[in-house]
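Below is model.cif, holding mmCIF, C-alpha atoms.
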```cif
data_run
loop_
_atom_site.label_atom_id
_atom_site.label_comp_id
_atom_site.auth_asym_id
_atom_site.auth_seq_id
_atom_site.Cartn_x
_atom_site.Cartn_y
_atom_site.Cartn_z
CA MET A 1 35.14 41.73 136.52
CA SER A 2 33.70 38.53 137.91
CA ARG A 3 31.06 38.27 140.61
CA ARG A 4 32.61 38.52 144.06
CA THR A 5 31.93 36.58 147.24
CA VAL A 6 30.73 39.07 149.80
CA ILE A 7 31.39 39.39 153.49
CA ASN A 8 28.23 39.42 155.54
CA ARG A 9 29.02 42.58 157.52
CA PHE A 10 28.54 44.76 154.45
CA PRO A 11 25.57 43.21 152.67
CA PHE A 12 23.63 45.90 150.82
CA ARG A 13 23.74 44.86 147.18
CA PHE A 14 27.24 43.42 147.05
CA GLN A 15 25.72 39.99 146.59
CA GLU A 16 23.94 41.11 143.44
CA ALA A 17 26.25 43.66 141.88
CA ASP A 18 29.08 42.58 139.63
CA VAL A 19 30.52 46.09 139.70
CA TYR A 20 29.76 48.06 142.83
CA VAL A 21 29.18 51.78 142.22
CA LYS A 22 29.42 54.55 144.80
CA VAL A 23 28.46 58.10 143.86
CA CYS A 24 29.91 60.58 146.33
CA GLY A 25 29.58 64.27 147.12
CA LEU A 26 25.79 64.48 146.88
CA SER A 27 24.12 67.54 148.37
CA ARG A 28 20.69 67.99 146.76
CA PRO A 29 17.54 65.86 146.64
CA GLN A 30 17.66 65.71 142.85
CA ASP A 31 21.23 64.40 143.00
CA VAL A 32 20.21 61.64 145.38
CA ALA A 33 17.24 60.77 143.18
CA ALA A 34 19.48 60.63 140.11
CA ALA A 35 22.03 58.35 141.77
CA VAL A 36 19.40 56.02 143.19
CA GLY A 37 17.47 55.98 139.93
CA ALA A 38 20.60 55.12 137.96
CA GLY A 39 21.23 52.13 140.20
CA ALA A 40 24.11 53.31 142.39
CA ASP A 41 24.83 50.86 145.20
CA ALA A 42 26.07 53.52 147.62
CA ILE A 43 25.73 57.28 147.89
CA GLY A 44 28.16 59.44 149.81
CA PHE A 45 27.80 62.72 151.69
CA VAL A 46 30.84 64.83 152.56
CA LEU A 47 30.84 66.06 156.15
CA THR A 48 34.37 67.41 156.04
CA PRO A 49 35.47 70.83 154.66
CA SER A 50 34.94 70.69 150.89
CA PRO A 51 32.97 72.44 148.13
CA ARG A 52 30.58 69.51 148.56
CA GLN A 53 30.27 69.71 152.34
CA VAL A 54 26.81 69.26 153.83
CA THR A 55 25.56 69.39 157.40
CA PRO A 56 24.43 66.33 159.34
CA ALA A 57 20.90 67.74 159.41
CA ALA A 58 20.87 68.12 155.63
CA VAL A 59 22.16 64.57 155.21
CA ARG A 60 19.44 63.20 157.48
CA ALA A 61 16.79 64.78 155.27
CA LEU A 62 18.42 63.37 152.14
CA VAL A 63 18.87 59.89 153.62
CA ALA A 64 15.17 59.75 154.41
CA GLU A 65 14.51 59.49 150.67
CA VAL A 66 16.98 56.65 150.05
CA PRO A 67 15.47 53.17 149.64
CA GLU A 68 16.56 50.28 151.79
CA GLY A 69 19.48 48.41 150.25
CA THR A 70 21.36 51.49 149.08
CA ALA A 71 24.27 52.29 151.38
CA THR A 72 24.37 55.81 152.83
CA VAL A 73 27.90 56.94 153.59
CA ALA A 74 29.16 59.87 155.67
CA VAL A 75 32.67 60.90 154.60
CA PHE A 76 35.15 62.41 157.07
CA ARG A 77 38.78 63.40 156.83
CA GLY A 78 40.81 64.05 159.95
CA GLU A 79 38.04 65.12 162.32
CA PRO A 80 38.32 64.06 165.99
CA LEU A 81 36.72 60.70 166.65
CA GLU A 82 34.01 62.04 168.94
CA GLU A 83 33.03 64.61 166.33
CA VAL A 84 32.78 61.86 163.72
CA ARG A 85 30.66 59.68 165.99
CA ARG A 86 28.30 62.52 166.82
CA ALA A 87 27.96 63.81 163.25
CA ALA A 88 27.44 60.36 161.75
CA ALA A 89 24.73 59.58 164.28
CA ASP A 90 23.03 62.92 163.65
CA ALA A 91 23.19 62.33 159.88
CA GLY A 92 21.35 59.01 160.12
CA VAL A 93 23.71 57.15 157.77
CA ASP A 94 24.53 53.46 158.00
CA THR A 95 28.18 53.70 156.92
CA VAL A 96 31.17 55.88 157.85
CA GLN A 97 34.11 56.51 155.52
CA LEU A 98 37.36 57.74 157.04
CA HIS A 99 39.70 59.50 154.67
CA GLY A 100 42.52 60.51 156.99
CA SER A 101 45.12 58.89 159.20
CA GLU A 102 42.72 57.51 161.79
CA PRO A 103 44.08 54.54 163.77
CA PRO A 104 42.46 51.11 163.95
CA GLU A 105 40.98 52.09 167.32
CA ALA A 106 38.79 54.69 165.61
CA PHE A 107 37.33 52.04 163.35
CA ALA A 108 36.69 49.78 166.33
CA ALA A 109 34.83 52.57 168.14
CA LEU A 110 32.65 53.29 165.13
CA ARG A 111 31.97 49.59 164.69
CA ALA A 112 30.76 49.50 168.28
CA ASP A 113 28.38 52.33 167.41
CA GLY A 114 26.81 50.10 164.76
CA PHE A 115 28.27 51.63 161.60
CA ARG A 116 29.65 49.77 158.64
CA LEU A 117 33.08 51.06 157.72
CA ILE A 118 34.98 52.24 154.67
CA ARG A 119 38.63 53.25 154.78
CA ALA A 120 40.11 55.41 152.05
CA ALA A 121 43.85 55.45 151.36
CA SER A 122 46.23 56.67 148.68
CA PRO A 123 49.34 55.05 147.20
CA GLY A 124 52.40 56.54 148.85
CA SER A 125 50.50 57.72 151.92
CA GLY A 126 52.04 55.10 154.18
CA ALA A 127 48.63 53.64 154.98
CA PRO A 128 48.19 49.92 154.30
CA LEU A 129 46.57 49.20 150.95
CA GLU A 130 45.06 45.89 152.03
CA SER A 131 41.31 45.75 152.47
CA GLY A 132 40.38 45.04 156.09
CA ALA A 133 43.75 46.12 157.52
CA TYR A 134 42.01 48.34 160.09
CA GLY A 135 38.92 46.21 160.43
CA GLU A 136 37.04 48.08 157.71
CA ASP A 137 34.50 46.38 155.49
CA LEU A 138 35.64 48.06 152.30
CA LEU A 139 38.76 49.88 151.09
CA ILE A 140 38.78 52.79 148.64
CA ILE A 141 42.04 53.61 146.89
CA ASP A 142 41.94 57.25 145.87
CA SER A 143 44.21 60.08 144.79
CA PRO A 144 46.00 62.11 147.50
CA SER A 145 43.44 64.91 146.90
CA PRO A 146 40.00 63.26 147.15
CA GLY A 147 37.26 64.91 145.12
CA SER A 148 39.75 66.94 143.09
CA GLY A 149 39.34 64.94 139.90
CA GLU A 150 43.05 64.09 139.93
CA ARG A 151 44.11 60.77 138.41
CA TRP A 152 46.90 58.69 139.90
CA ASP A 153 49.19 56.05 138.47
CA PRO A 154 47.78 52.55 139.08
CA ALA A 155 51.30 51.19 138.70
CA ALA A 156 51.90 52.54 142.21
CA LEU A 157 49.75 49.71 143.54
CA GLY A 158 52.05 46.99 142.31
CA GLY A 159 49.04 44.81 141.59
CA SER A 160 45.42 44.53 142.63
CA PRO A 161 44.88 44.52 146.42
CA ALA A 162 43.29 41.51 148.05
CA GLY A 163 39.75 41.77 149.35
CA PRO A 164 36.92 44.18 148.58
CA TRP A 165 38.08 47.54 147.26
CA LEU A 166 36.90 50.39 145.07
CA LEU A 167 38.92 52.45 142.63
CA ALA A 168 38.54 56.23 142.89
CA GLY A 169 40.31 59.34 141.69
CA GLY A 170 39.48 61.25 138.55
CA LEU A 171 36.98 58.73 137.21
CA SER A 172 34.27 59.73 134.75
CA PRO A 173 31.94 58.02 132.27
CA TYR A 174 34.58 58.61 129.62
CA ASN A 175 37.55 56.95 131.30
CA VAL A 176 36.22 54.39 133.76
CA ALA A 177 36.70 51.44 131.40
CA GLY A 178 40.34 52.26 130.77
CA ALA A 179 41.00 53.12 134.40
CA VAL A 180 40.01 49.72 135.74
CA ALA A 181 41.74 47.71 133.02
CA GLY A 182 44.09 45.22 134.62
CA LEU A 183 43.22 46.23 138.19
CA ARG A 184 40.00 44.27 138.68
CA PRO A 185 38.58 46.33 141.56
CA TRP A 186 35.36 45.28 143.22
CA GLY A 187 33.85 48.54 142.06
CA VAL A 188 34.31 52.25 141.46
CA ASP A 189 33.70 55.51 143.31
CA VAL A 190 32.96 58.77 141.49
CA SER A 191 32.40 62.39 142.50
CA SER A 192 33.72 65.23 140.34
CA GLY A 193 33.49 63.10 137.18
CA VAL A 194 29.69 63.31 137.21
CA GLU A 195 29.41 67.05 137.83
CA SER A 196 28.34 69.86 135.51
CA SER A 197 30.15 72.34 137.76
CA ARG A 198 32.04 71.99 141.01
CA GLY A 199 29.74 70.40 143.56
CA VAL A 200 26.74 70.20 141.20
CA LYS A 201 25.90 66.70 139.99
CA ASP A 202 24.64 66.08 136.46
CA PRO A 203 21.93 63.38 136.28
CA GLU A 204 22.87 62.39 132.73
CA LEU A 205 26.51 61.91 133.69
CA ILE A 206 25.51 59.88 136.74
CA GLU A 207 23.33 57.62 134.62
CA ARG A 208 26.04 57.18 132.02
CA PHE A 209 28.71 56.45 134.62
CA VAL A 210 26.63 53.74 136.26
CA ARG A 211 25.86 52.27 132.85
CA GLU A 212 29.52 52.27 131.79
CA ALA A 213 30.54 50.68 135.09
CA ALA A 214 27.90 47.97 134.75
CA ALA A 215 29.23 47.14 131.29
CA LEU A 216 32.57 46.20 132.85
CA ALA A 217 31.09 43.11 134.52
#
```
Here is the file; what I need is its structure written in the form of structure tokens.
Amino acid sequence: MSRRTVINRFPFRFQEADVYVKVCGLSRPQDVAAAVGAGADAIGFVLTPSPRQVTPAAVRALVAEVPEGTATVAVFRGEPLEEVRRAAADAGVDTVQLHGSEPPEAFAALRADGFRLIRAASPGSGAPLESGAYGEDLLIIDSPSPGSGERWDPAALGGSPAGPWLLAGGLSPYNVAGAVAGLRPWGVDVSSGVESSRGVKDPELIERFVREAAALA
């Protein structure tokens, strides 16, 4: 993967990172410390029903320990817009990720609130697989069941999307190199692939995943 030119709305460490790494589904201080210590560029907190769900208040406490320059992402899936706006503000994150069928107007409203935006979509979902289609800063292409560890067939993409995007869905330290081969994503997003049990992150797996991803540059 070659170094990418980065849009200014989503600075963080895109300018420096050859392979952008997001670690999602964090719920404990030690998980956050492990991800930050390993060099993750973004850390995600699930605020939608999931084994990894955390409350906005819990996220706020975790975010307080995150150094400047690491993106903090609140993940939602299908919640009403006003609930998303309120929860994201209460959580104290700088980025919102929408994982449902929210319209472009929802992204515009969240942009007006000052959040940076990530849109997640799956092949075959009917959602556009072009980065920026809804005004988002970053696109994640994931399996139809986010966080499940399910892989999906990259052939469904019909080629690498234009613009900044992350590959997700069943990634782990053991398969990330093969998964990105030929796709050339901007980066990768991992959750279940760095867990010792469902919802419990393993610091050694996090460190190895970030290291394996960095080696793809």
> When distances are computed from only C-alpha atoms, which of A:Ser160, A:Pro104, A:Gly132, A:Gly199 shows the smallest separation from Val46 (chain A)?
Replying inline: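 Once distances to Val46 (chain A) are computed over only C-alpha atoms, the minimum belongs to A:Gly199.
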How close does each residue of region 90-172 of chain A get to region 68-82 of chain A, giving the shortest atom pair and distance in Å to one decimal for every residue with an atom at most 8 Å away, counting all atoms listed in the file, sorted by chain and residue number, as JSON lines?
```
{"residue": "A:Ala91", "atom": "CA", "partner": "A:Ala74", "partner_atom": "CA", "distance": 7.7}
{"residue": "A:Val93", "atom": "CA", "partner": "A:Thr72", "partner_atom": "CA", "distance": 5.2}
{"residue": "A:Asp94", "atom": "CA", "partner": "A:Thr72", "partner_atom": "CA", "distance": 5.7}
{"residue": "A:Thr95", "atom": "CA", "partner": "A:Val73", "partner_atom": "CA", "distance": 4.7}
{"residue": "A:Val96", "atom": "CA", "partner": "A:Ala74", "partner_atom": "CA", "distance": 5.0}
{"residue": "A:Gln97", "atom": "CA", "partner": "A:Val75", "partner_atom": "CA", "distance": 4.7}
{"residue": "A:Leu98", "atom": "CA", "partner": "A:Phe76", "partner_atom": "CA", "distance": 5.2}
{"residue": "A:His99", "atom": "CA", "partner": "A:Arg77", "partner_atom": "CA", "distance": 4.6}
{"residue": "A:Gly100", "atom": "CA", "partner": "A:Arg77", "partner_atom": "CA", "distance": 4.7}
{"residue": "A:Ser101", "atom": "CA", "partner": "A:Gly78", "partner_atom": "CA", "distance": 6.8}
{"residue": "A:Glu102", "atom": "CA", "partner": "A:Gly78", "partner_atom": "CA", "distance": 7.1}
{"residue": "A:Ala106", "atom": "CA", "partner": "A:Leu81", "partner_atom": "CA", "distance": 6.4}
```
> Nearest to Glu83 (chain A) among A:Ala64, A:Thr48, A:Ser122, A:Ala108, with distances taken over only C-alpha atoms: which residue is it?
Replying inline: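 Closest to Glu83 (chain A), using only C-alpha atoms: A:Thr48.
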> Taking the file as shown, what set of residues would the PyMOL selection byres ((chain A and resi 52) around 10) give back, as a ChimeraX atom specification?
Replying inline: /A:24-27,45-51,53-54,147,191-192,198-200
> If you apply the PyMOL selection byres ((chain A and resi 173) around 12) to this file, what residues do you get, as a PyMOL selection string?
Replying inline: chain A and resi 170-172+174-179+188-195+202+204-216
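Those residues returned by the PyMOL selection byres ((chain A and resi 119) around 7) for this file are Gln97, Leu98, His99, Leu117, Ile118, Ala120, Ala121, Glu136, Leu138, Leu139 and Ile140 of chain A.
The interatomic distance for the pair CA of Asp41 (chain A) and CA of Asp113 (chain A) works out to 22.5 Å.
Comparing the minimum interatomic distances between Tyr20 (chain A) and each of A:Pro103, A:Ser143, A:Ala42, A:Val63, counting only C-alpha atoms, we find that A:Ala42 sits nearest.
Counting only C-alpha atoms, the residue from A:Val66, A:Ile43, A:Gly37, A:Asp137 that sits nearest to Arg116 (chain A) is A:Asp137.
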As AutoDock Vina command-line options, what would the box around region 200-211 of chain A look like: edges along x, y and z, 8 Å added on every side, centre and edge lengths in Å to one decimal?
```
--center_x 25.3 --center_y 61.2 --center_z 136.6 --size_x 22.8 --size_y 33.9 --size_z 25.2
```
Report as a CSV table (one decimal) with C-alpha atoms, keeping the file's coordinate frame all protein, DNA and RNA residues lying within 9 Å of Arg28 (chain A), evaluated on only C-alpha atoms, omitting residues in the same chain fewer than 5 positions from it.
```csv
chain,number,residue,atom,x,y,z
A,33,ALA,CA,17.2,60.8,143.2
A,58,ALA,CA,20.9,68.1,155.6
A,62,LEU,CA,18.4,63.4,152.1
A,200,VAL,CA,26.7,70.2,141.2
A,201,LYS,CA,25.9,66.7,140.0
```
> Please, what distance in Å, to one decimal, runs between CA of Asp18 (chain A) and CA of Gly44 (chain A)?
Replying inline: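 Computing the Euclidean distance for CA of Asp18 (chain A) and CA of Gly44 (chain A) yields 19.7 Å.
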>> Considering all atoms listed in the file, can you say which of A:Pro128, A:Gly163, A:Pro67, A:Pro56 comes closest to Val32 (chain A)?
In response: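 So, comparing all the options, the nearest one is A:Pro67.
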> What does the distance between CA of Pro161 (chain A) and CA of Val23 (chain A) come to in Å, to one decimal place?
Replying inline: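 Answer for the CA of Pro161 (chain A) to CA of Val23 (chain A) separation: 21.5 Å.
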